[in-house]
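Notes follow the structure.
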Amino acid sequence: MEKRDIIIIGSGPAGLTAAIYIARAGYKPLVVEGVPSGGQLMITTDIENFPGFPDGIEGPRLIENMKKQAQRFGTEFLMKDVTEVDFNVYPFFIQAEDLEYEAKAVIIATGARARYLDSASVEAFKGRGVSACATCDGFFFRDGIIYVIGGGDTAAEEALFLTKFAKQVYIVHRRDQLRAEKYMQEKLFENPKISIIWDSVLEDIKGSNTGLNKIVIRNVKTGELTERDADGIFMGIGHSPATALFKGQIELDENGYIICRDGAKTSVDGVFAAGDVRDPLFRQAIAAAGTGCKAAIEADRFLQNKQ
Ligand code: NDP
């Protein structure tokens with residue numbers, strides 16, 4: 001079993017920022033990247049709100065830059081998935097497929113994934129009109145007709161954000177009542193650019209190689225199918241934090257996100273969490289990088305006290 005001072009699980013902006021900071025503090029961190037690596041930025045085309053890039057930067061390029069920066073200070077990368085952890089023993093136990101490690105500190109940065117509807121047409125138009133991130137892609141639908149699927153706070157937030165660009169935003173919700181909090185509902189109802197299509201689900205998407213142009217919606221009560229013009233479709237059916245591995249080992253909230261105190265401390269001393277895996281609210285690359293920095297600084301303090 002290989003012994004390490006610190007292992008970082010995840011290679012999105014949180015994990016990579018943590019690696020840069022902890023490597024510069026004099027450690028040789030191992031980043032277990034996860035497969036596919038790089039997190040949600042790898043499926044983001046242009047990032048125009050990450051400070052320092054006045055002309056924007058492509059998601060994969062930003063990740064590549066962060067990775068190079070972390071490597072420059074001595075970070076090692078392992079292109080495998082973590083398959084098991086044991087935080088009840090110390091040093092902590094981590095298994096990455098066929099490799100076993102002992103680590104004195106761990107930073108969890110496994111992220112969260114936006115959920116997409118499980119349908120062939122959604123899969124076919126992903127990145128060509130179907131998105132799950134209004135902040136990332138809303139800009140590309142200026143003056144368009146956009147549909148947001150879902151009735152919770154994510155859908156409400158996406159819809160409200162999209163009104164900045166869209167001509168019209170339709171929320172397609174499978175029931176006759178929203179799940180979003182009252183305050184958000186009121187904001188939706190009073191926005192003239194937003195209409196809600198109740199009791200309805202996405203049945204099909206039509207378009208060509210260049211993008212989508214029609215959506216087919218099914219009313220779940222009447223069975224009626226309606227085809228409508230569409231420029232974009234956003235999934236707002238929730239996010240899932242990647243915490244299945246940690247259930248029963250560290251404290252999670254009722255939605256599965258890691259609960260942190262101070263900068264990035266979890267309920268287990270020596271285990272820290274950064275990025276979307278502990279953040280149900282902001283879900284931005286820069287916010288993830290910020291908590292990655294905090295996790296590294298706290299991990300450094302923890303390791304210094306151990307020596
Ligand atoms: P939620 O689980 O609250 O809502 C998901 C929505 O998507 C529901 O309306 C659900 O419908 C619908 N949905 C789920 N699966 C399907 C499907 N297969 N087909 C059609 N519709 C589907 O997730 P959110 O991401 O919205 O919120 C998660 C948590 O994060 C909540 O606690 C929320 O309050 C919080 N949050 C807070 C924000 C804020 O405070 N600003 C912003 C975003 C999230 P149904 O209602 O019928 O179940």
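Residues in the structure tokens are named by chain (A, B, ... in the order shown) and by number from 1 within that chain; ligands are numbered from 1 in the order shown.
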Within 6 Å of ligand 1, which residues of chain A show up? Give each one with its shortest atom-to-atom distance in Å (one decimal) and the two atoms involved, counting only C-alpha atoms and all ligand atoms, rows by chain then rising residue number, as a tab-separated table.
```
residue	atom	partner	partner_atom_place_in_ligand_line	distance
A:Leu117	CA	ligand 1	18 (N)	5.6
A:Gly150	CA	ligand 1	7 (O)	3.7
A:Gly151	CA	ligand 1	9 (O)	3.2
A:Gly152	CA	ligand 1	26 (O)	3.6
A:Asp153	CA	ligand 1	26 (O)	3.9
A:Thr154	CA	ligand 1	26 (O)	3.7
A:Ala155	CA	ligand 1	26 (O)	5.8
A:Arg174	CA	ligand 1	20 (C)	5.5
A:Arg175	CA	ligand 1	47 (O)	5.5
A:Leu178	CA	ligand 1	46 (O)	6.0
A:Arg179	CA	ligand 1	46 (O)	4.8
A:Gly236	CA	ligand 1	7 (O)	6.0
A:Ile237	CA	ligand 1	7 (O)	3.3
A:Gly238	CA	ligand 1	25 (O)	3.1
A:His239	CA	ligand 1	25 (O)	5.2
A:Pro280	CA	ligand 1	30 (O)	5.5
A:Leu281	CA	ligand 1	38 (C)	5.4
```
Q | In stretch 150-297 of chain A, DSSP alpha helix (DSSP H) residues written as an MDAnalysis selection string | A | chainID A and resid 153:162 182:189 285:297
Worksheet item: If you run DSSP on the backbone, which residues of stretch 8-119 of chain A are strand (DSSP E or B), as a ChimeraX atom specification?
Response: /A:8-9,30-32,46-47,57-58,76-78,84-86,92-96,99-108,112-114
Suppose we keep N, CA, C and O atoms; can you now write the selection as a compact mmCIF listing (two decimals), in the first residue's frame?
```
# COMPACT_ATOMS: atom_id res chain seq x y z
N ILE A 8 -6.15 14.07 -3.23
CA ILE A 8 -7.28 14.90 -3.66
C ILE A 8 -8.12 14.05 -4.60
O ILE A 8 -7.58 13.47 -5.56
N ILE A 9 -9.39 13.97 -4.31
CA ILE A 9 -10.27 13.15 -5.15
C ILE A 9 -11.08 14.09 -6.04
O ILE A 9 -11.92 14.85 -5.54
N LEU A 30 -1.40 13.77 -4.56
CA LEU A 30 -1.85 12.89 -5.64
C LEU A 30 -3.31 13.26 -5.93
O LEU A 30 -4.14 13.26 -5.02
N VAL A 31 -3.58 13.59 -7.18
CA VAL A 31 -4.96 13.85 -7.59
C VAL A 31 -5.48 12.60 -8.28
O VAL A 31 -4.96 12.21 -9.33
N VAL A 32 -6.48 11.97 -7.67
CA VAL A 32 -7.15 10.86 -8.36
C VAL A 32 -8.25 11.52 -9.18
O VAL A 32 -9.23 12.05 -8.64
N ASP A 46 -17.68 27.95 -23.91
CA ASP A 46 -16.95 29.17 -23.56
C ASP A 46 -17.26 29.59 -22.14
O ASP A 46 -18.42 29.68 -21.75
N ILE A 47 -16.21 29.89 -21.37
CA ILE A 47 -16.41 30.42 -20.02
C ILE A 47 -16.04 31.88 -20.06
O ILE A 47 -14.88 32.22 -20.34
N ILE A 57 -12.60 31.80 -22.10
CA ILE A 57 -11.72 30.63 -22.30
C ILE A 57 -12.61 29.40 -22.38
O ILE A 57 -13.67 29.33 -21.75
N GLU A 58 -12.19 28.43 -23.17
CA GLU A 58 -12.98 27.20 -23.27
C GLU A 58 -12.77 26.37 -22.01
O GLU A 58 -11.66 26.32 -21.47
N GLU A 76 1.00 14.96 -8.63
CA GLU A 76 0.91 13.77 -9.49
C GLU A 76 -0.56 13.48 -9.78
O GLU A 76 -1.42 13.74 -8.93
N PHE A 77 -0.80 12.94 -10.95
CA PHE A 77 -2.18 12.66 -11.35
C PHE A 77 -2.36 11.17 -11.61
O PHE A 77 -1.46 10.52 -12.16
N LEU A 78 -3.50 10.67 -11.22
CA LEU A 78 -3.82 9.27 -11.47
C LEU A 78 -5.18 9.23 -12.15
O LEU A 78 -6.19 9.68 -11.60
N GLU A 84 -13.27 3.03 -3.32
CA GLU A 84 -13.63 2.78 -1.92
C GLU A 84 -12.81 3.70 -1.03
O GLU A 84 -11.65 4.00 -1.34
N VAL A 85 -13.44 4.17 0.06
CA VAL A 85 -12.66 4.93 1.06
C VAL A 85 -13.02 4.39 2.43
O VAL A 85 -14.11 3.85 2.63
N ASP A 86 -12.08 4.52 3.36
CA ASP A 86 -12.39 4.23 4.76
C ASP A 86 -11.81 5.36 5.60
O ASP A 86 -10.59 5.48 5.73
N PHE A 92 -6.07 7.49 6.55
CA PHE A 92 -7.27 7.09 5.82
C PHE A 92 -6.90 6.11 4.71
O PHE A 92 -5.80 6.14 4.17
N PHE A 93 -7.87 5.26 4.41
CA PHE A 93 -7.66 4.27 3.33
C PHE A 93 -8.41 4.72 2.07
O PHE A 93 -9.58 5.12 2.14
N ILE A 94 -7.71 4.63 0.96
CA ILE A 94 -8.35 4.97 -0.32
C ILE A 94 -7.97 3.93 -1.36
O ILE A 94 -6.80 3.61 -1.53
N GLN A 95 -8.97 3.43 -2.01
CA GLN A 95 -8.72 2.49 -3.10
C GLN A 95 -9.13 3.14 -4.42
O GLN A 95 -10.24 3.68 -4.55
N ALA A 96 -8.21 3.11 -5.37
CA ALA A 96 -8.51 3.64 -6.71
C ALA A 96 -8.37 2.47 -7.67
O ALA A 96 -7.26 2.13 -8.09
N LEU A 99 -5.43 0.06 -7.18
CA LEU A 99 -4.36 0.62 -6.35
C LEU A 99 -4.89 1.02 -4.97
O LEU A 99 -6.00 1.54 -4.85
N GLU A 100 -4.06 0.77 -3.94
CA GLU A 100 -4.48 1.10 -2.57
C GLU A 100 -3.54 2.13 -1.97
O GLU A 100 -2.32 2.05 -2.16
N TYR A 101 -4.13 3.06 -1.24
CA TYR A 101 -3.34 4.14 -0.65
C TYR A 101 -3.70 4.34 0.81
O TYR A 101 -4.84 4.11 1.22
N GLU A 102 -2.70 4.87 1.54
CA GLU A 102 -2.93 5.42 2.88
C GLU A 102 -2.69 6.91 2.75
O GLU A 102 -1.71 7.32 2.13
N ALA A 103 -3.57 7.73 3.32
CA ALA A 103 -3.37 9.18 3.22
C ALA A 103 -3.60 9.83 4.57
O ALA A 103 -4.53 9.47 5.29
N LYS A 104 -2.72 10.80 4.89
CA LYS A 104 -2.87 11.50 6.17
C LYS A 104 -3.96 12.56 6.09
O LYS A 104 -4.52 12.96 7.11
N ALA A 105 -4.23 13.06 4.90
CA ALA A 105 -5.33 14.02 4.70
C ALA A 105 -5.95 13.78 3.34
O ALA A 105 -5.28 13.30 2.42
N VAL A 106 -7.24 14.10 3.24
CA VAL A 106 -7.96 13.89 1.99
C VAL A 106 -8.79 15.14 1.68
O VAL A 106 -9.40 15.72 2.58
N ILE A 107 -8.76 15.54 0.42
CA ILE A 107 -9.68 16.60 -0.02
C ILE A 107 -10.64 15.98 -1.04
O ILE A 107 -10.20 15.43 -2.05
N ILE A 108 -11.92 16.08 -0.73
CA ILE A 108 -12.93 15.53 -1.64
C ILE A 108 -13.41 16.65 -2.54
O ILE A 108 -13.89 17.69 -2.07
N ALA A 112 -20.63 17.71 -8.63
CA ALA A 112 -22.04 17.32 -8.74
C ALA A 112 -22.37 17.37 -10.22
O ALA A 112 -21.78 18.14 -10.97
N ARG A 113 -23.28 16.53 -10.59
CA ARG A 113 -23.65 16.51 -12.01
C ARG A 113 -25.08 16.98 -12.15
O ARG A 113 -25.95 16.55 -11.41
N ALA A 114 -25.29 17.86 -13.14
CA ALA A 114 -26.67 18.21 -13.46
C ALA A 114 -27.32 16.97 -14.02
O ALA A 114 -26.72 16.23 -14.79
```
Students should find that atom CA of A:Gln185 and atom CA of A:Tyr257 are spaced 24.2 Å
Using only C-alpha atoms, the shortest atom-to-atom distance to A:Glu123 among A:Met42, A:Thr226, A:Ile149, A:Asp204 belongs to A:Asp204
Could you make a table, as JSON lines, of the residues of stretch 221-263 of chain A that have an atom within 12 Å of an atom of stretch 272-278 of chain A, each with its nearest atom pair and distance in Å to one decimal, counting only C-alpha atoms, in chain and number order?
```
{"residue": "A:His239", "atom": "CA", "partner": "A:Asp276", "partner_atom": "CA", "distance": 9.6}
{"residue": "A:Ser240", "atom": "CA", "partner": "A:Val277", "partner_atom": "CA", "distance": 8.6}
{"residue": "A:Pro241", "atom": "CA", "partner": "A:Val277", "partner_atom": "CA", "distance": 5.1}
{"residue": "A:Ala242", "atom": "CA", "partner": "A:Val277", "partner_atom": "CA", "distance": 6.4}
{"residue": "A:Thr243", "atom": "CA", "partner": "A:Val277", "partner_atom": "CA", "distance": 7.1}
{"residue": "A:Ala244", "atom": "CA", "partner": "A:Val277", "partner_atom": "CA", "distance": 10.8}
{"residue": "A:Leu245", "atom": "CA", "partner": "A:Val277", "partner_atom": "CA", "distance": 11.9}
{"residue": "A:Phe246", "atom": "CA", "partner": "A:Val277", "partner_atom": "CA", "distance": 11.0}
{"residue": "A:Ile250", "atom": "CA", "partner": "A:Phe272", "partner_atom": "CA", "distance": 10.1}
{"residue": "A:Glu251", "atom": "CA", "partner": "A:Arg278", "partner_atom": "CA", "distance": 10.7}
{"residue": "A:Leu252", "atom": "CA", "partner": "A:Arg278", "partner_atom": "CA", "distance": 8.7}
{"residue": "A:Asp253", "atom": "CA", "partner": "A:Arg278", "partner_atom": "CA", "distance": 9.2}
{"residue": "A:Asn255", "atom": "CA", "partner": "A:Arg278", "partner_atom": "CA", "distance": 10.4}
{"residue": "A:Gly256", "atom": "CA", "partner": "A:Val277", "partner_atom": "CA", "distance": 8.5}
{"residue": "A:Tyr257", "atom": "CA", "partner": "A:Arg278", "partner_atom": "CA", "distance": 5.0}
{"residue": "A:Ile258", "atom": "CA", "partner": "A:Arg278", "partner_atom": "CA", "distance": 4.6}
{"residue": "A:Ile259", "atom": "CA", "partner": "A:Arg278", "partner_atom": "CA", "distance": 6.3}
{"residue": "A:Cys260", "atom": "CA", "partner": "A:Arg278", "partner_atom": "CA", "distance": 7.0}
{"residue": "A:Arg261", "atom": "CA", "partner": "A:Phe272", "partner_atom": "CA", "distance": 9.6}
{"residue": "A:Asp262", "atom": "CA", "partner": "A:Phe272", "partner_atom": "CA", "distance": 10.3}
{"residue": "A:Gly263", "atom": "CA", "partner": "A:Phe272", "partner_atom": "CA", "distance": 8.8}
```
### Task
Figure out the distance between atom CA of A:Lys187 and atom CA of A:Gly232, please, to one decimal in Å.
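A separation of 21.6 Å between them.
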inquiry  = Residues within 9 Å of A:Ala296, please, as a ChimeraX atom specification. Count only C-alpha atoms; anything in the same chain fewer than 6 positions from it doesn't count.
reply    = /A:17-23,25,107,264,272
Discussion item. If we count only C-alpha atoms and set the cut-off at 8 Å, which residues sit around A:Cys133, ignoring sequence neighbours fewer than 6 positions away in its own chain? Please answer as a list in words.
Written reply: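 The contact residues come out as Glu158, Phe234 and Met235 of chain A.
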If you count only C-alpha atoms, the residue of A:Ile171, A:Ile6, A:Ile196, A:Ile217 closest to A:Phe302 turns out to be A:Ile6
Requested in this report: Could you tell me how far atom CA of A:Thr210 lies from atom CA of A:Arg128, in Å and to one decimal?
Outcome: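 Between atom CA of A:Thr210 and atom CA of A:Arg128 the gap works out to 6.8 Å.
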Name all residues at most 12 Å from A:Asn49 (count only C-alpha atoms; drop same-chain ones fewer than 4 positions away) and give them as a PDB file with N, CA, C and O atoms, in the first residue's frame.
```pdb
ATOM      1  N   PHE A  53      -9.665  36.147 -17.731  1.00  0.00           N
ATOM      2  CA  PHE A  53      -9.694  35.799 -19.153  1.00  0.00           C
ATOM      3  C   PHE A  53     -10.645  36.760 -19.867  1.00  0.00           C
ATOM      4  O   PHE A  53     -11.816  36.448 -20.078  1.00  0.00           O
ATOM      5  N   PRO A  54     -10.152  37.947 -20.203  1.00  0.00           N
ATOM      6  CA  PRO A  54     -11.043  38.977 -20.743  1.00  0.00           C
ATOM      7  C   PRO A  54     -11.751  38.556 -22.025  1.00  0.00           C
ATOM      8  O   PRO A  54     -12.843  39.042 -22.323  1.00  0.00           O
ATOM      9  N   ASP A  55     -11.157  37.618 -22.775  1.00  0.00           N
ATOM     10  CA  ASP A  55     -11.814  37.171 -24.005  1.00  0.00           C
ATOM     11  C   ASP A  55     -12.512  35.828 -23.816  1.00  0.00           C
ATOM     12  O   ASP A  55     -12.903  35.187 -24.785  1.00  0.00           O
ATOM     13  N   GLY A  56     -12.627  35.395 -22.558  1.00  0.00           N
ATOM     14  CA  GLY A  56     -13.239  34.097 -22.285  1.00  0.00           C
ATOM     15  C   GLY A  56     -12.230  32.983 -22.524  1.00  0.00           C
ATOM     16  O   GLY A  56     -11.134  33.198 -23.061  1.00  0.00           O
ATOM     17  N   ILE A  57     -12.600  31.795 -22.096  1.00  0.00           N
ATOM     18  CA  ILE A  57     -11.722  30.632 -22.296  1.00  0.00           C
ATOM     19  C   ILE A  57     -12.610  29.404 -22.384  1.00  0.00           C
ATOM     20  O   ILE A  57     -13.673  29.334 -21.749  1.00  0.00           O
ATOM     21  N   GLU A  58     -12.190  28.432 -23.170  1.00  0.00           N
ATOM     22  CA  GLU A  58     -12.978  27.200 -23.272  1.00  0.00           C
ATOM     23  C   GLU A  58     -12.772  26.369 -22.007  1.00  0.00           C
ATOM     24  O   GLU A  58     -11.659  26.324 -21.469  1.00  0.00           O
ATOM     25  N   GLY A  59     -13.830  25.699 -21.572  1.00  0.00           N
ATOM     26  CA  GLY A  59     -13.765  24.913 -20.337  1.00  0.00           C
ATOM     27  C   GLY A  59     -12.588  23.937 -20.306  1.00  0.00           C
ATOM     28  O   GLY A  59     -11.786  23.948 -19.371  1.00  0.00           O
ATOM     29  N   LEU A  62      -9.299  25.689 -19.804  1.00  0.00           N
ATOM     30  CA  LEU A  62      -9.098  26.192 -18.435  1.00  0.00           C
ATOM     31  C   LEU A  62      -8.629  25.048 -17.523  1.00  0.00           C
ATOM     32  O   LEU A  62      -7.700  25.208 -16.730  1.00  0.00           O
ATOM     33  N   THR A 135     -26.196  29.673 -16.752  1.00  0.00           N
ATOM     34  CA  THR A 135     -25.102  30.641 -16.593  1.00  0.00           C
ATOM     35  C   THR A 135     -24.029  30.419 -17.661  1.00  0.00           C
ATOM     36  O   THR A 135     -23.429  31.371 -18.136  1.00  0.00           O
ATOM     37  N   CYS A 136     -23.795  29.138 -17.994  1.00  0.00           N
ATOM     38  CA  CYS A 136     -22.748  28.857 -18.988  1.00  0.00           C
ATOM     39  C   CYS A 136     -23.237  29.150 -20.408  1.00  0.00           C
ATOM     40  O   CYS A 136     -22.497  29.710 -21.211  1.00  0.00           O
ATOM     41  N   ASP A 137     -24.443  28.740 -20.728  1.00  0.00           N
ATOM     42  CA  ASP A 137     -24.848  28.693 -22.136  1.00  0.00           C
ATOM     43  C   ASP A 137     -25.993  29.624 -22.512  1.00  0.00           C
ATOM     44  O   ASP A 137     -26.305  29.760 -23.700  1.00  0.00           O
ATOM     45  N   PHE A 139     -26.309  32.727 -22.775  1.00  0.00           N
ATOM     46  CA  PHE A 139     -25.872  33.789 -23.669  1.00  0.00           C
ATOM     47  C   PHE A 139     -26.033  33.423 -25.150  1.00  0.00           C
ATOM     48  O   PHE A 139     -26.265  34.272 -25.999  1.00  0.00           O
ATOM     49  N   GLN A 284     -20.494  27.449  -9.304  1.00  0.00           N
ATOM     50  CA  GLN A 284     -19.710  28.180 -10.294  1.00  0.00           C
ATOM     51  C   GLN A 284     -18.249  27.745 -10.191  1.00  0.00           C
ATOM     52  O   GLN A 284     -17.761  27.437  -9.099  1.00  0.00           O
ATOM     53  N   ALA A 285     -17.547  27.768 -11.323  1.00  0.00           N
ATOM     54  CA  ALA A 285     -16.142  27.336 -11.329  1.00  0.00           C
ATOM     55  C   ALA A 285     -15.314  28.166 -10.356  1.00  0.00           C
ATOM     56  O   ALA A 285     -14.476  27.637  -9.627  1.00  0.00           O
ATOM     57  N   ILE A 286     -15.575  29.452 -10.325  1.00  0.00           N
ATOM     58  CA  ILE A 286     -14.761  30.316  -9.468  1.00  0.00           C
ATOM     59  C   ILE A 286     -15.050  30.042  -7.986  1.00  0.00           C
ATOM     60  O   ILE A 286     -14.140  30.105  -7.149  1.00  0.00           O
ATOM     61  N   ALA A 287     -16.297  29.731  -7.680  1.00  0.00           N
ATOM     62  CA  ALA A 287     -16.638  29.397  -6.284  1.00  0.00           C
ATOM     63  C   ALA A 287     -15.986  28.067  -5.900  1.00  0.00           C
ATOM     64  O   ALA A 287     -15.490  27.902  -4.776  1.00  0.00           O
TER      65      ALA A 287
END
```
**Message:** Using only C-alpha atoms for the distances, tell me which of A:Gln71, A:Thr163, A:Ser208, A:Ser119 is nearest to A:Asn191.
**Reply:**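 For A:Asn191, the nearest of the candidates is A:Thr163.
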Applying 12 Å and only C-alpha atoms, which residues near A:Ser195 remain after dropping the ones on its own chain fewer than 4 positions away? List them as a VMD selection string.
chain A and resid 145 to 148 156 159 to 160 163 167 to 173 185 187 to 191
